[in-house]
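protein07.txt (compact mmCIF, C-alpha atoms) appears below.
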```txt
# COMPACT_ATOMS: atom_id res chain seq x y z
CA MET A 1 111.46 112.11 156.35
CA ASN A 2 112.38 114.35 153.42
CA ILE A 3 115.05 112.86 151.14
CA TYR A 4 117.38 115.09 149.13
CA SER A 5 119.62 113.84 146.34
CA LEU A 6 122.91 115.57 145.50
CA THR A 7 124.54 113.87 142.55
CA HIS A 8 127.17 114.42 139.87
CA ALA A 9 126.08 116.83 137.15
CA SER A 10 128.31 115.59 134.35
CA ASP A 11 127.21 112.14 133.22
CA LEU A 12 124.69 109.31 133.16
CA ASP A 13 125.96 107.86 136.45
CA GLY A 14 124.93 111.00 138.28
CA MET A 15 121.53 111.10 136.58
CA ALA A 16 120.81 107.42 137.18
CA SER A 17 121.91 107.60 140.83
CA ALA A 18 119.25 110.25 141.40
CA ALA A 19 116.69 108.39 139.30
CA MET A 20 116.99 105.34 141.58
CA LEU A 21 115.94 107.44 144.57
CA VAL A 22 113.13 109.14 142.65
CA ARG A 23 111.79 105.81 141.41
CA TYR A 24 111.98 103.74 144.59
CA TYR A 25 111.49 106.38 147.30
CA LYS A 26 109.22 108.83 145.46
CA VAL A 27 111.73 111.63 146.05
CA PRO A 28 110.19 114.83 144.63
CA ILE A 29 112.14 115.94 141.57
CA GLY A 30 112.49 119.34 143.26
CA ASN A 31 114.67 117.62 145.88
CA VAL A 32 117.19 116.48 143.24
CA PHE A 33 120.27 118.67 142.90
CA PHE A 34 123.45 118.46 140.85
CA GLY A 35 127.01 119.16 142.01
CA SER A 36 130.64 118.45 141.32
CA TYR A 37 134.07 118.28 142.96
CA SER A 38 134.80 122.00 143.00
CA GLY A 39 134.05 125.35 141.37
CA LYS A 40 130.86 127.42 141.53
CA ILE A 41 128.52 124.44 141.38
CA PHE A 42 130.31 123.00 144.42
CA GLU A 43 129.87 126.25 146.34
CA ASP A 44 126.22 126.41 145.31
CA SER A 45 125.69 122.89 146.64
CA MET A 46 127.23 123.88 149.98
CA LYS A 47 124.78 126.78 150.23
CA LEU A 48 121.95 124.41 149.36
CA ILE A 49 122.83 122.02 152.20
CA SER A 50 123.13 124.89 154.65
CA GLY A 51 119.69 126.10 153.63
CA ILE A 52 117.80 122.83 154.22
CA GLU A 53 115.54 123.57 157.20
CA GLY A 54 114.51 121.46 160.13
CA PRO A 55 115.45 118.05 161.51
CA GLY A 56 114.68 114.63 160.07
CA ASN A 57 116.03 115.13 156.55
CA LEU A 58 118.22 112.64 154.71
CA LEU A 59 120.82 113.87 152.21
CA VAL A 60 122.10 111.21 149.80
CA ILE A 61 125.31 112.27 148.03
CA ALA A 62 126.11 109.98 145.11
CA ASP A 63 128.82 109.80 142.44
CA ILE A 64 130.61 112.89 143.79
CA GLY A 65 134.20 112.48 144.92
CA MET A 66 136.31 114.48 147.31
CA VAL A 67 138.93 117.16 146.65
CA SER A 68 141.36 117.58 149.54
CA GLU A 69 141.30 121.38 149.30
CA ASP A 70 137.52 121.34 149.90
CA LEU A 71 137.57 118.73 152.68
CA GLU A 72 137.17 121.10 155.63
CA ARG A 73 134.61 123.21 153.81
CA ILE A 74 132.26 120.32 153.18
CA ALA A 75 133.01 118.77 156.57
CA ASP A 76 131.88 121.98 158.29
CA VAL A 77 128.72 122.22 156.18
CA LEU A 78 127.73 118.60 156.74
CA SER A 79 128.54 118.79 160.46
CA ASP A 80 126.16 121.73 160.80
CA PHE A 81 123.55 119.81 158.79
CA LYS A 82 123.91 116.85 161.16
CA LYS A 83 123.66 119.06 164.26
CA ARG A 84 120.24 120.18 163.06
CA GLY A 85 119.03 116.60 163.42
CA ASN A 86 119.57 115.39 159.85
CA TYR A 87 121.31 112.40 158.23
CA VAL A 88 123.96 111.99 155.51
CA PHE A 89 124.57 109.00 153.24
CA TRP A 90 127.54 109.19 150.82
CA LEU A 91 128.05 106.62 148.07
CA ASP A 92 130.88 107.20 145.63
CA HIS A 93 133.35 105.21 143.54
CA HIS A 94 136.09 107.76 142.89
CA VAL A 95 139.56 107.89 144.46
CA TRP A 96 139.62 109.07 148.10
CA THR A 97 142.65 109.46 150.37
CA ASP A 98 142.77 107.81 153.80
CA ASP A 99 142.58 111.23 155.46
CA GLU A 100 139.46 112.13 153.47
CA VAL A 101 137.76 108.85 154.37
CA LYS A 102 138.61 109.23 158.06
CA ARG A 103 137.39 112.83 158.22
CA MET A 104 134.06 112.15 156.54
CA SER A 105 133.42 108.83 158.30
CA ASP A 106 133.09 110.79 161.55
CA ILE A 107 130.24 112.76 159.98
CA CYS A 108 128.33 110.47 157.61
CA ASP A 109 125.74 108.02 158.93
CA PHE A 110 126.39 105.63 156.04
CA MET A 111 129.31 105.84 153.67
CA ILE A 112 130.75 103.71 150.88
CA VAL A 113 133.50 105.55 149.03
CA GLY A 114 136.81 105.01 147.25
CA GLU A 115 137.99 103.74 143.90
CA ASN A 116 135.82 100.80 142.92
CA LYS A 117 136.51 98.67 139.86
CA ASP A 118 133.26 96.71 140.26
CA PHE A 119 130.50 99.25 140.88
CA CYS A 120 129.68 102.75 139.66
CA GLY A 121 127.73 105.25 141.76
CA THR A 122 124.34 104.13 140.44
CA GLU A 123 125.11 100.51 141.26
CA LEU A 124 126.08 101.45 144.82
CA VAL A 125 122.82 103.35 145.32
CA TYR A 126 120.83 100.46 143.84
CA LYS A 127 122.72 97.74 145.72
CA PHE A 128 122.57 99.30 149.18
CA LEU A 129 119.49 101.49 149.20
CA CYS A 130 116.91 100.18 146.73
CA PRO A 131 114.66 97.14 146.22
CA ARG A 132 115.32 94.97 143.18
CA ASP A 133 113.23 94.80 140.04
CA LYS A 134 113.73 94.24 136.33
CA PHE A 135 114.09 97.90 135.41
CA GLY A 136 116.48 98.63 138.28
CA ASP A 137 118.70 95.79 137.09
CA ARG A 138 118.56 97.15 133.55
CA LEU A 139 119.40 100.74 134.54
CA ALA A 140 122.24 99.67 136.85
CA ASN A 141 123.81 97.41 134.22
CA PHE A 142 123.39 99.99 131.46
CA THR A 143 125.01 102.70 133.60
CA HIS A 144 127.89 100.39 134.52
CA VAL A 145 128.73 99.88 130.85
CA SER A 146 128.54 103.61 130.24
CA ASP A 147 130.58 104.73 133.25
CA PHE A 148 133.36 102.17 132.81
CA ALA A 149 133.59 102.90 129.08
CA LEU A 150 132.89 99.28 128.15
CA ASP A 151 131.40 97.84 124.98
CA SER A 152 127.94 96.38 125.40
CA ALA A 153 126.97 93.17 123.67
CA ILE A 154 123.85 95.07 122.60
CA ALA A 155 124.76 97.30 119.66
CA ASN A 156 121.88 99.70 120.23
CA ASP A 157 123.01 100.23 123.83
CA ASN A 158 126.40 101.44 122.64
CA LYS A 159 124.71 103.98 120.37
CA LEU A 160 122.39 105.11 123.16
CA ILE A 161 125.25 105.49 125.64
CA LYS A 162 127.12 107.72 123.22
CA LYS A 163 123.97 109.75 122.60
CA ILE A 164 123.32 110.20 126.34
CA SER A 165 126.91 111.28 126.99
CA MET A 166 126.63 114.06 124.44
CA SER A 167 123.13 115.01 125.52
CA VAL A 168 123.96 115.42 129.21
CA LYS A 169 126.74 117.80 128.18
CA TYR A 170 124.25 119.82 126.17
CA LEU A 171 121.70 119.87 129.00
CA ASN A 172 124.18 120.69 131.79
CA ASP A 173 124.26 124.44 132.36
CA GLY A 174 126.08 124.43 135.70
CA ARG A 175 123.02 124.95 137.91
CA ILE A 176 122.43 122.76 140.94
CA ALA A 177 118.68 122.93 140.28
CA ASN A 178 118.95 122.37 136.52
CA PRO A 179 115.39 121.82 135.17
CA LYS A 180 116.61 120.05 132.02
CA LEU A 181 118.67 117.51 133.95
CA ARG A 182 115.73 117.05 136.31
CA ASP A 183 113.56 116.24 133.30
CA PHE A 184 116.06 113.59 132.25
CA VAL A 185 116.14 112.11 135.78
CA SER A 186 112.34 111.96 135.68
CA CYS A 187 112.47 110.08 132.37
CA LEU A 188 114.92 107.55 133.79
CA ALA A 189 112.88 107.11 136.94
CA SER A 190 109.74 106.46 134.89
CA GLY A 191 111.48 103.59 133.11
CA SER A 192 112.58 105.29 129.89
CA LEU A 193 116.23 105.33 128.83
CA ASP A 194 115.67 106.61 125.31
CA CYS A 195 113.32 109.55 125.82
CA ASN A 196 112.49 112.79 124.04
CA VAL A 197 114.59 114.83 126.45
CA ILE A 198 117.71 112.96 125.32
CA ASN A 199 116.78 112.68 121.67
CA ASN A 200 116.06 116.39 121.33
CA ALA A 201 119.23 117.36 123.21
CA TYR A 202 121.32 115.00 121.08
CA SER A 203 119.98 116.47 117.85
CA GLU A 204 120.77 119.99 119.01
CA TYR A 205 124.18 119.00 120.36
CA PHE A 206 125.23 117.27 117.16
CA ARG A 207 123.97 120.11 115.00
CA GLU A 208 125.88 122.75 116.96
CA SER A 209 129.05 120.96 117.99
CA ARG A 210 130.73 119.75 114.77
CA PRO A 211 132.52 123.04 114.04
CA TYR A 212 133.67 123.23 117.68
CA LEU A 213 135.03 119.67 117.56
CA LYS A 214 136.97 120.44 114.39
CA GLU A 215 138.43 123.56 115.98
CA ALA A 216 139.39 121.69 119.18
CA LEU A 217 141.21 119.00 117.20
CA GLU A 218 143.02 121.43 114.92
CA SER A 219 144.22 123.62 117.79
CA ALA A 220 145.31 120.80 120.11
CA ASN A 221 148.66 121.13 121.85
CA ILE A 222 150.91 118.09 122.23
CA ILE A 223 153.02 117.77 125.38
CA GLU A 224 155.57 114.95 125.36
CA VAL A 225 157.16 113.73 128.59
CA ASN A 226 159.20 110.53 128.92
CA GLY A 227 157.54 108.96 125.88
CA ILE A 228 154.02 109.94 126.98
CA ARG A 229 151.94 112.04 124.58
CA ILE A 230 149.44 114.39 126.20
CA ALA A 231 146.95 116.15 123.93
CA LEU A 232 145.61 119.33 125.53
CA SER A 233 142.84 121.29 123.85
CA PHE A 234 140.51 124.16 124.66
CA GLY A 235 137.00 124.60 123.35
CA ARG A 236 133.31 124.99 124.05
CA LYS A 237 129.95 123.29 123.58
CA LEU A 238 131.49 119.80 123.45
CA SER A 239 130.94 116.63 125.41
CA SER A 240 134.19 116.19 127.33
CA GLN A 241 134.01 112.44 126.71
CA GLU A 242 133.72 112.90 122.97
CA ALA A 243 136.43 115.57 122.88
CA CYS A 244 138.91 113.48 124.85
CA MET A 245 138.25 110.29 122.92
CA GLU A 246 138.68 112.08 119.60
CA LEU A 247 141.88 113.77 120.82
CA MET A 248 143.41 110.43 121.78
CA LYS A 249 142.33 108.84 118.51
CA ARG A 250 143.27 111.65 116.12
CA LYS A 251 146.46 112.75 117.91
CA ASN A 252 147.73 109.30 118.88
CA ALA A 253 147.81 110.49 122.49
CA ASP A 254 148.19 108.47 125.69
CA VAL A 255 146.35 111.13 127.70
CA ALA A 256 143.81 113.71 126.56
CA ILE A 257 142.81 116.86 128.42
CA PHE A 258 139.90 118.99 127.27
CA VAL A 259 139.15 122.32 128.94
CA ASN A 260 135.85 124.13 128.42
CA VAL A 261 136.81 127.80 128.10
CA GLU A 262 133.34 129.00 129.13
CA SER A 263 133.00 127.10 132.42
CA GLY A 264 136.65 126.39 133.22
CA ASP A 265 135.80 122.70 133.68
CA GLY A 266 138.36 120.20 132.48
CA SER A 267 138.31 116.47 131.75
CA ILE A 268 141.19 114.01 131.56
CA ARG A 269 141.08 110.60 129.88
CA SER A 270 143.74 107.95 129.34
CA ALA A 271 143.88 105.57 126.40
CA ARG A 272 143.71 101.88 127.27
CA ASP A 273 145.73 99.19 125.54
CA THR A 274 144.38 95.72 124.70
CA ASP A 275 144.93 94.61 128.32
CA SER A 276 143.11 97.73 129.61
CA TRP A 277 146.28 99.40 130.95
CA GLY A 278 146.47 103.19 130.76
CA VAL A 279 148.44 106.08 132.23
CA GLU A 280 147.13 106.93 135.71
CA ASN A 281 145.77 110.48 135.59
CA THR A 282 144.22 111.33 138.98
CA GLY A 283 147.59 112.79 139.96
CA MET A 284 147.14 115.32 137.17
CA ALA A 285 143.56 116.01 138.26
CA LYS A 286 144.50 116.50 141.91
CA ALA A 287 147.30 118.88 140.95
CA LEU A 288 144.57 120.91 139.24
CA LYS A 289 142.35 120.64 142.36
CA GLY A 290 140.13 117.94 140.91
CA GLY A 291 139.67 114.20 141.25
CA GLY A 292 138.08 111.11 139.73
CA HIS A 293 139.20 107.71 138.51
CA PRO A 294 142.69 106.54 137.52
CA LEU A 295 141.83 106.65 133.80
CA ALA A 296 139.05 109.25 133.81
CA SER A 297 139.13 112.33 136.00
CA GLY A 298 138.23 116.01 136.01
CA PHE A 299 138.80 119.41 137.55
CA SER A 300 137.34 122.91 137.64
CA LEU A 301 139.43 126.04 137.15
CA GLY A 302 136.51 128.45 137.36
CA LYS A 303 135.74 131.28 134.96
CA LYS A 304 138.47 133.68 136.11
CA GLN A 305 141.35 131.99 134.28
CA GLN A 306 140.68 133.75 130.95
CA LEU A 307 140.98 130.43 129.14
CA GLY A 308 139.41 131.91 126.04
CA THR A 309 142.48 134.09 125.52
CA THR A 310 145.86 133.15 124.07
CA ALA A 311 147.61 134.27 127.24
CA GLY A 312 145.28 132.24 129.45
CA GLN A 313 145.75 129.11 127.34
CA GLU A 314 149.53 129.48 127.22
CA LYS A 315 149.57 129.76 131.01
CA MET A 316 147.50 126.58 131.27
CA ILE A 317 149.73 124.72 128.81
CA LYS A 318 152.80 125.69 130.83
CA ARG A 319 151.09 124.57 134.03
CA VAL A 320 150.12 121.18 132.60
CA ARG A 321 153.60 120.66 131.18
CA GLY A 322 155.12 121.30 134.62
CA ILE A 323 152.72 118.90 136.33
CA ALA A 324 153.34 116.24 133.69
CA GLN A 325 157.09 116.54 134.13
CA LYS A 326 156.75 115.94 137.88
CA LEU A 327 154.33 113.05 137.45
CA TYR A 328 155.82 111.26 134.46
CA GLY A 329 159.35 112.62 134.08
CA LYS A 330 161.11 109.72 135.81
CA ARG A 331 158.73 106.80 136.11
CA ILE A 332 155.15 106.42 134.97
CA MET A 333 152.24 104.99 136.96
CA TYR A 334 149.87 102.80 134.96
CA TYR A 335 146.47 101.43 135.95
CA GLN A 336 144.66 98.33 134.67
CA GLN A 337 140.95 98.96 134.79
CA ASN A 338 139.66 95.40 134.68
CA THR A 339 141.81 94.26 137.66
CA GLY A 340 142.33 97.48 139.62
CA LYS A 341 146.11 96.95 139.61
CA PHE A 342 148.75 99.69 139.48
CA SER A 343 152.18 99.33 137.91
CA THR A 344 155.14 101.73 137.89
CA ARG A 345 157.36 101.50 134.81
```

Please re-express this file's structure in structure tokens.
Amino acid sequence: MNIYSLTHASDLDGMASAAMLVRYYKVPIGNVFFGSYSGKIFEDSMKLISGIEGPGNLLVIADIGMVSEDLERIADVLSDFKKRGNYVFWLDHHVWTDDEVKRMSDICDFMIVGENKDFCGTELVYKFLCPRDKFGDRLANFTHVSDFALDSAIANDNKLIKKISMSVKYLNDGRIANPKLRDFVSCLASGSLDCNVINNAYSEYFRESRPYLKEALESANIIEVNGIRIALSFGRKLSSQEACMELMKRKNADVAIFVNVESGDGSIRSARDTDSWGVENTGMAKALKGGGHPLASGFSLGKKQQLGTTAGQEKMIKRVRGIAQKLYGKRIMYYQQNTGKFSTR
């Protein structure tokens, strides 16, 4: 049986999900591919699945959520894949609707999906598909801390997590068969978290990105709705995690949105209070044809929006303001990460 891995291109959770399969099932690194919720990389991944020949293949999709607008597209592609005598496992921890779960459960041979406050994608792959060993435990725990934006009791781990977040952004060029991300997956699978691939990428990222971060902060737009401050900024060559965290910190914002003007990819983050409550933001992501977690989500607008122009950015600002007014204008949905509870206030 040939195993193929299709995993999220944007962060450590995607890389580590693939690394688990490479390490424990000897999946050839050429069978590891990177995708996302929507946009060109999503379409490329659909073409990839359609092009896998013969029966007896297993496709493991990990850490990739569902966007309702793409439901029938991916359902058709996976149905055809299954009809050719192949198998599909899907393990994800992002928000899914009941309709999405029902539709895909008729197709997938094994599926664990939906918002999960206890396990990230890597942990699901490790828990349900892999044997246990010391390194697997280490990688799963490390990725959990990273993906849930927690503070590790190990100071060096916190530094490494930040470095990896920035490095993956630098390495990600939007290709499903990205050789640099494959190199990183290979490093993880071999047992190395802090490898030359990451260290070199981090050095280059940090050297190049400081002027872009300054520009993104200085040009940020503040949208205020019902007491909620949303910081929206446009830029390039930045880790979306770093950009959003800095926007919330420097602009005293409840929600931060960073849009990469080159790719059209956007990220949304919500600030958490001392009890880990934050403004629920998947509604914003879904309105922009994206998805994710209640406090950390994303979307892809594509490259045709002219986001590098003043007119394109003003159009986006107006769009976000309108969505925010609908979502937060009357009552605001909050989410508590450590309990998984929602509260409308």

Contacts of stretch 252-259 of chain A within 6 Å, all atoms listed in the file, excl. fewer than 5 positions in-chain, as a PyMOL selection string: chain A and resi 229-234+244+265-271

With only C-alpha atoms counted and 10 Å as the cut-off, give the residues of stretch 287-336 of chain A in contact with stretch 96-104 of chain A, each with its shortest interatomic distance in Å and the pair that gives it, as a Markdown table.
```
| residue | atom | partner | partner_atom | distance |
| --- | --- | --- | --- | --- |
| A:Gly291 | CA | A:Trp96 | CA | 8.6 |
| A:Gly292 | CA | A:Trp96 | CA | 8.8 |
| A:His293 | CA | A:Trp96 | CA | 9.7 |
```

Which residues, written as a count of residues only, have at least one atom at most 8 Å from stretch 10-21 of chain A, with only C-alpha atoms counted and residues fewer than 6 positions away on the same chain left out? 30

Counting all atoms listed in the file, which residue out of A:Arg132, A:Arg345, A:Lys318, A:Arg272 sits closest to A:Met245?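 Using all atoms listed in the file, A:Met245 sits closest to A:Arg272.
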
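From atom CA of A:Asp183 back to atom CA of A:Asn196, the distance works out to 9.9 Å.
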